[in-house]
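**Q** Provided herewith: protein_30.pdb, PDB, C-alpha atoms, pLDDT in the B column.
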```pdb
MODEL        1
ATOM      1  CA  MET A 178     -13.166 -18.285 -12.443  1.00 70.00           C
ATOM      2  CA  PHE A 179     -11.514 -18.166  -9.051  1.00 84.00           C
ATOM      3  CA  ILE A 180     -12.186 -14.467  -8.523  1.00 93.00           C
ATOM      4  CA  GLN A 181     -13.593 -13.532  -5.131  1.00 94.00           C
ATOM      5  CA  LEU A 182     -14.839 -10.055  -4.384  1.00 96.00           C
ATOM      6  CA  ASP A 183     -15.749  -8.613  -1.020  1.00 95.00           C
ATOM      7  CA  PHE A 184     -18.627  -6.205  -1.459  1.00 95.00           C
ATOM      8  CA  GLU A 185     -18.330  -5.107   2.183  1.00 95.00           C
ATOM      9  CA  SER A 186     -14.701  -4.029   1.811  1.00 92.00           C
ATOM     10  CA  LYS A 187     -13.574  -0.412   1.656  1.00 90.00           C
ATOM     11  CA  LYS A 188     -11.283  -1.395  -1.211  1.00 93.00           C
ATOM     12  CA  PRO A 189     -12.896  -0.438  -4.550  1.00 96.00           C
ATOM     13  CA  ILE A 190     -14.203  -3.398  -6.565  1.00 97.00           C
ATOM     14  CA  TYR A 191     -12.023  -2.588  -9.609  1.00 98.00           C
ATOM     15  CA  THR A 192      -8.941  -2.669  -7.358  1.00 97.00           C
ATOM     16  CA  GLN A 193     -10.013  -5.978  -5.834  1.00 97.00           C
ATOM     17  CA  LEU A 194     -10.579  -7.427  -9.297  1.00 98.00           C
ATOM     18  CA  LYS A 195      -7.180  -6.207 -10.474  1.00 98.00           C
ATOM     19  CA  HIS A 196      -5.491  -7.702  -7.400  1.00 97.00           C
ATOM     20  CA  GLU A 197      -7.307 -11.018  -7.834  1.00 97.00           C
ATOM     21  CA  ILE A 198      -6.040 -11.311 -11.400  1.00 97.00           C
ATOM     22  CA  ILE A 199      -2.475 -10.406 -10.390  1.00 97.00           C
ATOM     23  CA  ALA A 200      -2.718 -12.973  -7.571  1.00 96.00           C
ATOM     24  CA  GLY A 201      -3.966 -15.520 -10.121  1.00 96.00           C
ATOM     25  CA  ILE A 202      -0.875 -14.882 -12.250  1.00 96.00           C
ATOM     26  CA  ALA A 203       1.412 -15.098  -9.211  1.00 95.00           C
ATOM     27  CA  LYS A 204      -0.194 -18.400  -8.165  1.00 95.00           C
ATOM     28  CA  GLN A 205       0.090 -19.669 -11.750  1.00 93.00           C
ATOM     29  CA  LYS A 206      -3.644 -20.230 -11.955  1.00 94.00           C
ATOM     30  CA  LEU A 207      -3.453 -17.916 -14.959  1.00 95.00           C
ATOM     31  CA  GLU A 208      -0.705 -18.618 -17.450  1.00 95.00           C
ATOM     32  CA  ALA A 209       1.048 -16.413 -19.994  1.00 95.00           C
ATOM     33  CA  GLY A 210      -1.081 -16.242 -23.146  1.00 94.00           C
ATOM     34  CA  GLU A 211      -4.192 -17.590 -21.426  1.00 95.00           C
ATOM     35  CA  GLY A 212      -7.480 -15.925 -22.374  1.00 95.00           C
ATOM     36  CA  LEU A 213      -9.585 -13.990 -19.894  1.00 96.00           C
ATOM     37  CA  PRO A 214     -13.354 -13.487 -20.208  1.00 96.00           C
ATOM     38  CA  SER A 215     -14.558 -10.432 -22.119  1.00 95.00           C
ATOM     39  CA  VAL A 216     -15.517  -7.361 -20.109  1.00 95.00           C
ATOM     40  CA  ARG A 217     -19.183  -8.097 -20.690  1.00 95.00           C
ATOM     41  CA  SER A 218     -19.023 -11.740 -19.704  1.00 96.00           C
ATOM     42  CA  LEU A 219     -16.872 -11.189 -16.592  1.00 96.00           C
ATOM     43  CA  ALA A 220     -19.162  -8.369 -15.452  1.00 97.00           C
ATOM     44  CA  ALA A 221     -22.181 -10.656 -15.834  1.00 96.00           C
ATOM     45  CA  ASP A 222     -20.433 -13.568 -14.057  1.00 95.00           C
ATOM     46  CA  LEU A 223     -19.402 -11.447 -11.098  1.00 96.00           C
ATOM     47  CA  GLY A 224     -22.592  -9.384 -10.989  1.00 96.00           C
ATOM     48  CA  ILE A 225     -20.721  -6.101 -11.297  1.00 97.00           C
ATOM     49  CA  ASN A 226     -20.804  -3.124 -13.632  1.00 96.00           C
ATOM     50  CA  LEU A 227     -19.154  -3.240 -17.079  1.00 97.00           C
ATOM     51  CA  HIS A 228     -17.220  -0.080 -16.249  1.00 97.00           C
ATOM     52  CA  THR A 229     -15.746  -1.685 -13.146  1.00 98.00           C
ATOM     53  CA  VAL A 230     -14.342  -4.595 -15.143  1.00 98.00           C
ATOM     54  CA  ASN A 231     -13.187  -2.210 -17.851  1.00 97.00           C
ATOM     55  CA  LYS A 232     -11.317  -0.053 -15.327  1.00 98.00           C
ATOM     56  CA  ALA A 233      -9.539  -3.094 -13.860  1.00 98.00           C
ATOM     57  CA  TYR A 234      -8.641  -4.413 -17.340  1.00 98.00           C
ATOM     58  CA  GLN A 235      -7.363  -1.005 -18.475  1.00 98.00           C
ATOM     59  CA  GLN A 236      -5.068  -0.729 -15.455  1.00 98.00           C
ATOM     60  CA  LEU A 237      -3.830  -4.301 -15.888  1.00 98.00           C
ATOM     61  CA  LYS A 238      -3.116  -3.508 -19.538  1.00 97.00           C
ATOM     62  CA  GLN A 239      -1.266  -0.320 -18.631  1.00 96.00           C
ATOM     63  CA  GLU A 240       0.862  -2.191 -16.086  1.00 95.00           C
ATOM     64  CA  GLY A 241       1.689  -4.914 -18.622  1.00 96.00           C
ATOM     65  CA  PHE A 242      -0.187  -7.835 -17.047  1.00 97.00           C
ATOM     66  CA  ILE A 243      -2.641  -8.332 -19.919  1.00 97.00           C
ATOM     67  CA  LEU A 244      -3.068  -7.493 -23.572  1.00 97.00           C
ATOM     68  CA  ILE A 245      -6.370  -6.438 -25.061  1.00 95.00           C
ATOM     69  CA  HIS A 246      -6.747  -7.484 -28.707  1.00 91.00           C
ATOM     70  CA  ARG A 247      -9.651  -6.380 -30.829  1.00 86.00           C
ATOM     71  CA  GLN A 248      -9.970  -9.886 -32.221  1.00 84.00           C
ATOM     72  CA  LYS A 249      -8.357 -12.335 -29.803  1.00 84.00           C
ATOM     73  CA  GLY A 250      -9.855 -10.572 -26.809  1.00 93.00           C
ATOM     74  CA  VAL A 251      -8.175 -10.292 -23.430  1.00 96.00           C
ATOM     75  CA  VAL A 252      -5.107 -12.451 -22.744  1.00 97.00           C
ATOM     76  CA  ILE A 253      -2.511 -12.679 -20.018  1.00 97.00           C
ATOM     77  CA  ASN A 254       0.630 -11.035 -21.443  1.00 97.00           C
ATOM     78  CA  PRO A 255       2.327 -13.912 -23.340  1.00 95.00           C
ATOM     79  CA  ASP A 256       5.750 -12.323 -22.797  1.00 94.00           C
ATOM     80  CA  GLY A 257       5.200 -12.136 -19.047  1.00 91.00           C
ATOM     81  CA  VAL A 258       5.164  -8.899 -17.114  1.00 94.00           C
ATOM     82  CA  THR A 259       8.231  -6.617 -16.993  1.00 93.00           C
ATOM     83  CA  PRO A 260      10.681  -7.965 -14.401  1.00 96.00           C
ATOM     84  CA  ALA A 261      11.209  -5.834 -11.298  1.00 96.00           C
ATOM     85  CA  ASP A 262      13.535  -2.972 -12.251  1.00 96.00           C
ATOM     86  CA  GLU A 263      14.777   0.094 -10.394  1.00 96.00           C
ATOM     87  CA  ASP A 264      11.498   1.916 -10.983  1.00 95.00           C
ATOM     88  CA  TYR A 265       9.561  -0.974  -9.524  1.00 96.00           C
ATOM     89  CA  HIS A 266      11.896  -1.145  -6.531  1.00 97.00           C
ATOM     90  CA  ALA A 267      11.414   2.587  -5.922  1.00 96.00           C
ATOM     91  CA  GLU A 268       7.640   2.226  -6.197  1.00 94.00           C
ATOM     92  CA  LEU A 269       7.640  -0.718  -3.822  1.00 97.00           C
ATOM     93  CA  LYS A 270       9.737   1.181  -1.278  1.00 97.00           C
ATOM     94  CA  ASP A 271       7.273   4.061  -1.448  1.00 95.00           C
ATOM     95  CA  LEU A 272       4.486   1.640  -0.680  1.00 95.00           C
ATOM     96  CA  LEU A 273       6.302  -0.205   2.110  1.00 98.00           C
ATOM     97  CA  ARG A 274       7.922   2.744   3.907  1.00 97.00           C
ATOM     98  CA  PRO A 275       4.696   4.200   5.379  1.00 97.00           C
ATOM     99  CA  SER A 276       3.463   0.776   6.437  1.00 97.00           C
ATOM    100  CA  ILE A 277       6.770   0.059   8.176  1.00 98.00           C
ATOM    101  CA  ALA A 278       6.717   3.488   9.854  1.00 97.00           C
ATOM    102  CA  GLU A 279       3.200   2.822  11.111  1.00 97.00           C
ATOM    103  CA  SER A 280       4.121  -0.668  12.290  1.00 97.00           C
ATOM    104  CA  VAL A 281       7.099   0.748  14.227  1.00 96.00           C
ATOM    105  CA  CYS A 282       4.752   3.301  15.865  1.00 96.00           C
ATOM    106  CA  ARG A 283       2.402   0.464  16.800  1.00 97.00           C
ATOM    107  CA  GLY A 284       5.211  -1.501  18.413  1.00 95.00           C
ATOM    108  CA  MET A 285       5.373  -4.257  15.813  1.00 97.00           C
ATOM    109  CA  SER A 286       8.834  -5.764  15.639  1.00 96.00           C
ATOM    110  CA  GLU A 287      10.829  -6.195  12.445  1.00 97.00           C
ATOM    111  CA  GLU A 288      10.635  -9.944  12.945  1.00 97.00           C
ATOM    112  CA  GLU A 289       6.820  -9.913  13.218  1.00 97.00           C
ATOM    113  CA  TYR A 290       6.595  -7.825  10.062  1.00 98.00           C
ATOM    114  CA  LEU A 291       8.982 -10.081   8.148  1.00 98.00           C
ATOM    115  CA  SER A 292       7.191 -13.241   9.211  1.00 97.00           C
ATOM    116  CA  MET A 293       3.916 -11.781   7.955  1.00 98.00           C
ATOM    117  CA  CYS A 294       5.637 -11.217   4.594  1.00 98.00           C
ATOM    118  CA  ARG A 295       7.012 -14.770   4.589  1.00 98.00           C
ATOM    119  CA  GLU A 296       3.555 -16.158   5.318  1.00 97.00           C
ATOM    120  CA  LEU A 297       2.126 -14.185   2.383  1.00 97.00           C
ATOM    121  CA  PHE A 298       4.891 -15.380   0.063  1.00 97.00           C
ATOM    122  CA  LYS A 299       3.811 -18.919   0.959  1.00 96.00           C
ATOM    123  CA  GLU A 300       0.318 -18.224  -0.409  1.00 93.00           C
ATOM    124  CA  PHE A 301       1.897 -17.636  -3.792  1.00 90.00           C
ATOM    125  CA  SER A 302       4.499 -20.369  -3.806  1.00 81.00           C
ATOM    126  CA  GLU A 303       2.045 -23.158  -2.976  1.00 64.00           C
ATOM    127  CA  GLY A 304       0.711 -22.874  -6.521  1.00 51.00           C
ATOM    128  CA  GLU A 305       4.097 -23.901  -7.874  1.00 51.00           C
ATOM    129  CA  GLU A 306       4.047 -27.216  -6.052  1.00 48.00           C
ATOM    130  CA  LYS A 307       0.830 -28.364  -7.712  1.00 43.00           C
TER     131      LYS A 307
ATOM    132  CA  MET B 165      10.095  21.045  10.887  1.00 70.00           C
ATOM    133  CA  PHE B 166      11.591  18.058   9.086  1.00 84.00           C
ATOM    134  CA  ILE B 167       8.663  17.600   6.732  1.00 93.00           C
ATOM    135  CA  GLN B 168       9.573  17.119   3.092  1.00 94.00           C
ATOM    136  CA  LEU B 169       6.950  17.106   0.375  1.00 96.00           C
ATOM    137  CA  ASP B 170       7.378  16.073  -3.223  1.00 95.00           C
ATOM    138  CA  PHE B 171       5.144  18.223  -5.388  1.00 95.00           C
ATOM    139  CA  GLU B 172       5.986  16.108  -8.452  1.00 95.00           C
ATOM    140  CA  SER B 173       4.781  12.886  -6.858  1.00 92.00           C
ATOM    141  CA  LYS B 174       1.525  11.156  -7.766  1.00 90.00           C
ATOM    142  CA  LYS B 175       0.904  10.644  -4.055  1.00 93.00           C
ATOM    143  CA  PRO B 176      -1.529  13.298  -2.774  1.00 96.00           C
ATOM    144  CA  ILE B 177       0.064  15.993  -0.604  1.00 97.00           C
ATOM    145  CA  TYR B 178      -2.183  15.267   2.395  1.00 98.00           C
ATOM    146  CA  THR B 179      -1.089  11.621   2.267  1.00 97.00           C
ATOM    147  CA  GLN B 180       2.569  12.632   2.052  1.00 97.00           C
ATOM    148  CA  LEU B 181       2.129  14.966   5.001  1.00 98.00           C
ATOM    149  CA  LYS B 182       0.393  12.263   7.026  1.00 98.00           C
ATOM    150  CA  HIS B 183       3.169   9.772   6.218  1.00 97.00           C
ATOM    151  CA  GLU B 184       5.887  12.295   7.108  1.00 97.00           C
ATOM    152  CA  ILE B 185       4.343  12.828  10.539  1.00 97.00           C
ATOM    153  CA  ILE B 186       3.956   9.080  11.142  1.00 97.00           C
ATOM    154  CA  ALA B 187       7.589   8.617  10.045  1.00 96.00           C
ATOM    155  CA  GLY B 188       8.573  11.407  12.465  1.00 96.00           C
ATOM    156  CA  ILE B 189       6.889   9.519  15.308  1.00 96.00           C
ATOM    157  CA  ALA B 190       8.516   6.243  14.257  1.00 95.00           C
ATOM    158  CA  LYS B 191      11.939   7.922  14.137  1.00 95.00           C
ATOM    159  CA  GLN B 192      11.267   9.541  17.508  1.00 93.00           C
ATOM    160  CA  LYS B 193      11.739  12.997  16.069  1.00 94.00           C
ATOM    161  CA  LEU B 194       8.248  13.636  17.397  1.00 95.00           C
ATOM    162  CA  GLU B 195       7.551  12.501  20.937  1.00 95.00           C
ATOM    163  CA  ALA B 196       4.331  11.615  22.726  1.00 95.00           C
ATOM    164  CA  GLY B 197       2.688  14.800  23.973  1.00 94.00           C
ATOM    165  CA  GLU B 198       4.782  17.069  21.743  1.00 95.00           C
ATOM    166  CA  GLY B 199       2.957  19.953  20.085  1.00 95.00           C
ATOM    167  CA  LEU B 200       2.559  20.256  16.316  1.00 96.00           C
ATOM    168  CA  PRO B 201       2.056  23.563  14.478  1.00 96.00           C
ATOM    169  CA  SER B 202      -1.504  24.757  13.956  1.00 95.00           C
ATOM    170  CA  VAL B 203      -3.152  24.007  10.624  1.00 95.00           C
ATOM    171  CA  ARG B 204      -2.706  27.627   9.570  1.00 95.00           C
ATOM    172  CA  SER B 205       0.945  27.861  10.519  1.00 96.00           C
ATOM    173  CA  LEU B 206       1.959  24.504   9.005  1.00 96.00           C
ATOM    174  CA  ALA B 207       0.123  25.349   5.773  1.00 97.00           C
ATOM    175  CA  ALA B 208       2.003  28.666   5.578  1.00 96.00           C
ATOM    176  CA  ASP B 209       5.362  27.013   6.396  1.00 95.00           C
ATOM    177  CA  LEU B 210       4.960  24.332   3.743  1.00 96.00           C
ATOM    178  CA  GLY B 211       3.297  26.597   1.186  1.00 96.00           C
ATOM    179  CA  ILE B 212       0.251  24.378   0.882  1.00 97.00           C
ATOM    180  CA  ASN B 213      -3.486  24.798   1.292  1.00 97.00           C
ATOM    181  CA  LEU B 214      -5.124  24.905   4.745  1.00 97.00           C
ATOM    182  CA  HIS B 215      -7.527  22.148   3.695  1.00 98.00           C
ATOM    183  CA  THR B 216      -4.633  19.876   2.798  1.00 98.00           C
ATOM    184  CA  VAL B 217      -3.117  20.183   6.277  1.00 98.00           C
ATOM    185  CA  ASN B 218      -6.558  19.828   7.816  1.00 97.00           C
ATOM    186  CA  LYS B 219      -7.248  16.616   5.910  1.00 98.00           C
ATOM    187  CA  ALA B 220      -3.927  15.109   7.031  1.00 98.00           C
ATOM    188  CA  TYR B 221      -4.525  16.153  10.652  1.00 98.00           C
ATOM    189  CA  GLN B 222      -8.085  14.782  10.643  1.00 98.00           C
ATOM    190  CA  GLN B 223      -6.887  11.395   9.390  1.00 98.00           C
ATOM    191  CA  LEU B 224      -4.029  11.321  11.901  1.00 98.00           C
ATOM    192  CA  LYS B 225      -6.540  12.109  14.641  1.00 97.00           C
ATOM    193  CA  GLN B 226      -8.914   9.396  13.481  1.00 96.00           C
ATOM    194  CA  GLU B 227      -6.087   6.848  13.441  1.00 95.00           C
ATOM    195  CA  GLY B 228      -4.986   7.851  16.948  1.00 96.00           C
ATOM    196  CA  PHE B 229      -1.628   9.457  16.128  1.00 98.00           C
ATOM    197  CA  ILE B 230      -2.537  12.954  17.277  1.00 97.00           C
ATOM    198  CA  LEU B 231      -5.078  14.761  19.433  1.00 97.00           C
ATOM    199  CA  ILE B 232      -6.646  18.050  18.442  1.00 95.00           C
ATOM    200  CA  HIS B 233      -7.526  20.204  21.453  1.00 91.00           C
ATOM    201  CA  ARG B 234      -9.465  23.438  21.133  1.00 86.00           C
ATOM    202  CA  GLN B 235      -7.102  25.095  23.568  1.00 84.00           C
ATOM    203  CA  LYS B 236      -3.815  23.179  23.634  1.00 84.00           C
ATOM    204  CA  GLY B 237      -3.823  22.769  19.858  1.00 93.00           C
ATOM    205  CA  VAL B 238      -2.442  19.752  18.044  1.00 96.00           C
ATOM    206  CA  VAL B 239      -0.307  17.265  19.989  1.00 97.00           C
ATOM    207  CA  ILE B 240       1.173  13.861  19.326  1.00 97.00           C
ATOM    208  CA  ASN B 241      -1.043  11.404  21.234  1.00 97.00           C
ATOM    209  CA  PRO B 242       0.477  11.415  24.754  1.00 95.00           C
ATOM    210  CA  ASP B 243      -0.733   7.840  25.352  1.00 94.00           C
ATOM    211  CA  GLY B 244       0.972   6.622  22.196  1.00 91.00           C
ATOM    212  CA  VAL B 245      -0.886   5.079  19.300  1.00 94.00           C
ATOM    213  CA  THR B 246      -2.878   1.840  19.719  1.00 93.00           C
ATOM    214  CA  PRO B 247      -0.490  -1.126  19.570  1.00 96.00           C
ATOM    215  CA  ALA B 248      -0.802  -3.436  16.577  1.00 96.00           C
ATOM    216  CA  ASP B 249      -3.836  -5.673  17.188  1.00 96.00           C
ATOM    217  CA  GLU B 250      -5.615  -8.272  15.050  1.00 96.00           C
ATOM    218  CA  ASP B 251      -7.402  -5.578  13.071  1.00 95.00           C
ATOM    219  CA  TYR B 252      -4.111  -3.882  12.293  1.00 96.00           C
ATOM    220  CA  HIS B 253      -2.542  -7.186  11.274  1.00 97.00           C
ATOM    221  CA  ALA B 254      -5.486  -7.886   8.935  1.00 96.00           C
ATOM    222  CA  GLU B 255      -5.205  -4.397   7.432  1.00 94.00           C
ATOM    223  CA  LEU B 256      -1.466  -4.785   6.958  1.00 97.00           C
ATOM    224  CA  LYS B 257      -1.912  -8.162   5.246  1.00 97.00           C
ATOM    225  CA  ASP B 258      -4.446  -6.596   2.884  1.00 95.00           C
ATOM    226  CA  LEU B 259      -1.875  -3.970   2.000  1.00 95.00           C
ATOM    227  CA  LEU B 260       1.058  -6.369   1.626  1.00 98.00           C
ATOM    228  CA  ARG B 261      -0.661  -9.242  -0.212  1.00 97.00           C
ATOM    229  CA  PRO B 262      -1.108  -7.417  -3.565  1.00 97.00           C
ATOM    230  CA  SER B 263       2.422  -6.030  -3.456  1.00 97.00           C
ATOM    231  CA  ILE B 264       3.814  -9.509  -2.801  1.00 98.00           C
ATOM    232  CA  ALA B 265       1.669 -10.986  -5.600  1.00 97.00           C
ATOM    233  CA  GLU B 266       2.962  -8.331  -7.995  1.00 97.00           C
ATOM    234  CA  SER B 267       6.556  -8.860  -6.865  1.00 97.00           C
ATOM    235  CA  VAL B 268       6.206 -12.614  -7.482  1.00 96.00           C
ATOM    236  CA  CYS B 269       4.861 -11.886 -10.992  1.00 96.00           C
ATOM    237  CA  ARG B 270       7.842  -9.610 -11.597  1.00 97.00           C
ATOM    238  CA  GLY B 271      10.274 -12.331 -10.543  1.00 95.00           C
ATOM    239  CA  MET B 272      11.379 -10.694  -7.312  1.00 97.00           C
ATOM    240  CA  SER B 273      12.510 -13.280  -4.805  1.00 96.00           C
ATOM    241  CA  GLU B 274      11.249 -13.521  -1.244  1.00 97.00           C
ATOM    242  CA  GLU B 275      14.769 -12.718  -0.050  1.00 97.00           C
ATOM    243  CA  GLU B 276      14.973  -9.536  -2.158  1.00 97.00           C
ATOM    244  CA  TYR B 277      11.605  -8.417  -0.831  1.00 98.00           C
ATOM    245  CA  LEU B 278      12.552  -9.143   2.778  1.00 98.00           C
ATOM    246  CA  SER B 279      15.865  -7.336   2.494  1.00 97.00           C
ATOM    247  CA  MET B 280      14.068  -4.265   1.178  1.00 98.00           C
ATOM    248  CA  CYS B 281      11.870  -4.402   4.287  1.00 98.00           C
ATOM    249  CA  ARG B 282      14.910  -4.809   6.551  1.00 98.00           C
ATOM    250  CA  GLU B 283      16.565  -1.801   4.914  1.00 97.00           C
ATOM    251  CA  LEU B 284      13.442   0.286   5.519  1.00 97.00           C
ATOM    252  CA  PHE B 285      13.257  -0.814   9.156  1.00 97.00           C
ATOM    253  CA  LYS B 286      16.802   0.523   9.516  1.00 96.00           C
ATOM    254  CA  GLU B 287      15.613   4.000   8.479  1.00 93.00           C
ATOM    255  CA  PHE B 288      13.390   3.992  11.533  1.00 90.00           C
ATOM    256  CA  SER B 289      15.701   2.363  14.042  1.00 81.00           C
ATOM    257  CA  GLU B 290      18.589   4.766  13.450  1.00 64.00           C
ATOM    258  CA  GLY B 291      16.577   7.421  15.291  1.00 51.00           C
ATOM    259  CA  GLU B 292      16.749   5.346  18.452  1.00 51.00           C
ATOM    260  CA  GLU B 293      20.523   5.365  18.572  1.00 48.00           C
ATOM    261  CA  LYS B 294      20.746   9.144  18.716  1.00 43.00           C
TER     262      LYS B 294
ENDMDL
END
```
As structure tokens, what does this structure read like?
**A**
Amino acid sequence: MFIQLDFESKKPIYTQLKHEIIAGIAKQKLEAGEGLPSVRSLAADLGINLHTVNKAYQQLKQEGFILIHRQKGVVINPDGVTPADEDYHAELKDLLRPSIAESVCRGMSEEEYLSMCRELFKEFSEGEEK
Amino acid sequence: MFIQLDFESKKPIYTQLKHEIIAGIAKQKLEAGEGLPSVRSLAADLGINLHTVNKAYQQLKQEGFILIHRQKGVVINPDGVTPADEDYHAELKDLLRPSIAESVCRGMSEEEYLSMCRELFKEFSEGEEK
């Protein structure tokens, strides 16, 4: 799999793993209904603890990105994830507000901030072209 | 003070307090060199634990937003906070990338995301007009 973890990062491994899978869905490397490795096999592949993979999978399940079947195993949610609604918008604002406040304090202009966002959007739209 | 805490939120109180102070600096409600209440007095004012205020203040100090003097007490960093450098840009990208990936998965367009950012920037630029 394409998953890359940074063992030097301050970001917990389960969070990194979760973000890598969400990024994989965004980049369409992982498609709706596609199977993911079992907890055991992914943990072995990545050289990380079973509990770490389990924690990432549980959160992804809770947030609607994956389903965990007793028989079929782990699959990317075939119905797709819930589209952005008011709750998601509110959550996103809560995440962005402090980072925008801090950027203003550090003298970063709105335009610099927006172009960083645009650049990041490109990372996820390139997948579509392939 | 203008600080508003949401005791129902999942976000820890010390984080909320830290973000409120950073937002206060961004909105120029708090100016460079301005004094902040002591840990004890702010904790009493807000009805929260001393350790909670202390944790917020320690993080703000570490990130360069405030200074903590034995005698003068707590002040907003008179030299201003370090301007956004490469490290800050890298940190900001790490924060934004997962939220952009998730927004793409949830079918939010780049334009919707950017206009949310623009709206939030407005919250912080209105202070300047006053």
**Q** Care to translate the ChimeraX specification (/A :<6) & /B into actual residues of this file, as number ranges by chain?
**A** B: 183, 187, 190, 247-248, 262, 265, 268-271
**Q** Out of B:Val239, B:Leu231, B:Leu224, B:Val217, which residue has the shortest atom-to-atom distance to Tyr178 (chain B) when counting all atoms listed in the file?
**A**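 The closest residue to Tyr178 (chain B) is B:Val217.
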**Q** Suppose you want the space between CA of Pro189 (chain A) and CA of Ile225 (chain A); what is it in Å?
**A** 11.8 Å
**Q** Which residues, written as a PyMOL selection string, have at least one atom at most 10 Å from Met165 (chain B), with all atoms listed in the file counted and residues fewer than 3 positions away on the same chain left out?
**A** chain B and resi 168+188+193+200-201+206+209-210
**Q** Can you tell me how far CA of Asn226 (chain A) sits from CA of Gly250 (chain A), in Å to one decimal?
**A** 18.7 Å
**Q** Suppose you want the space between CA of Glu268 (chain A) and CA of Phe184 (chain A); what is it in Å?
**A**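 Computed distance, CA of Glu268 (chain A) to CA of Phe184 (chain A), equals 28.0 Å.
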**Q** Which residues, written as an MDAnalysis selection string, have at least one atom at most 10 Å from Pro255 (chain A), with all atoms listed in the file counted and residues fewer than 6 positions away on the same chain left out?
**A** chainID A and resid 208:211 242:244
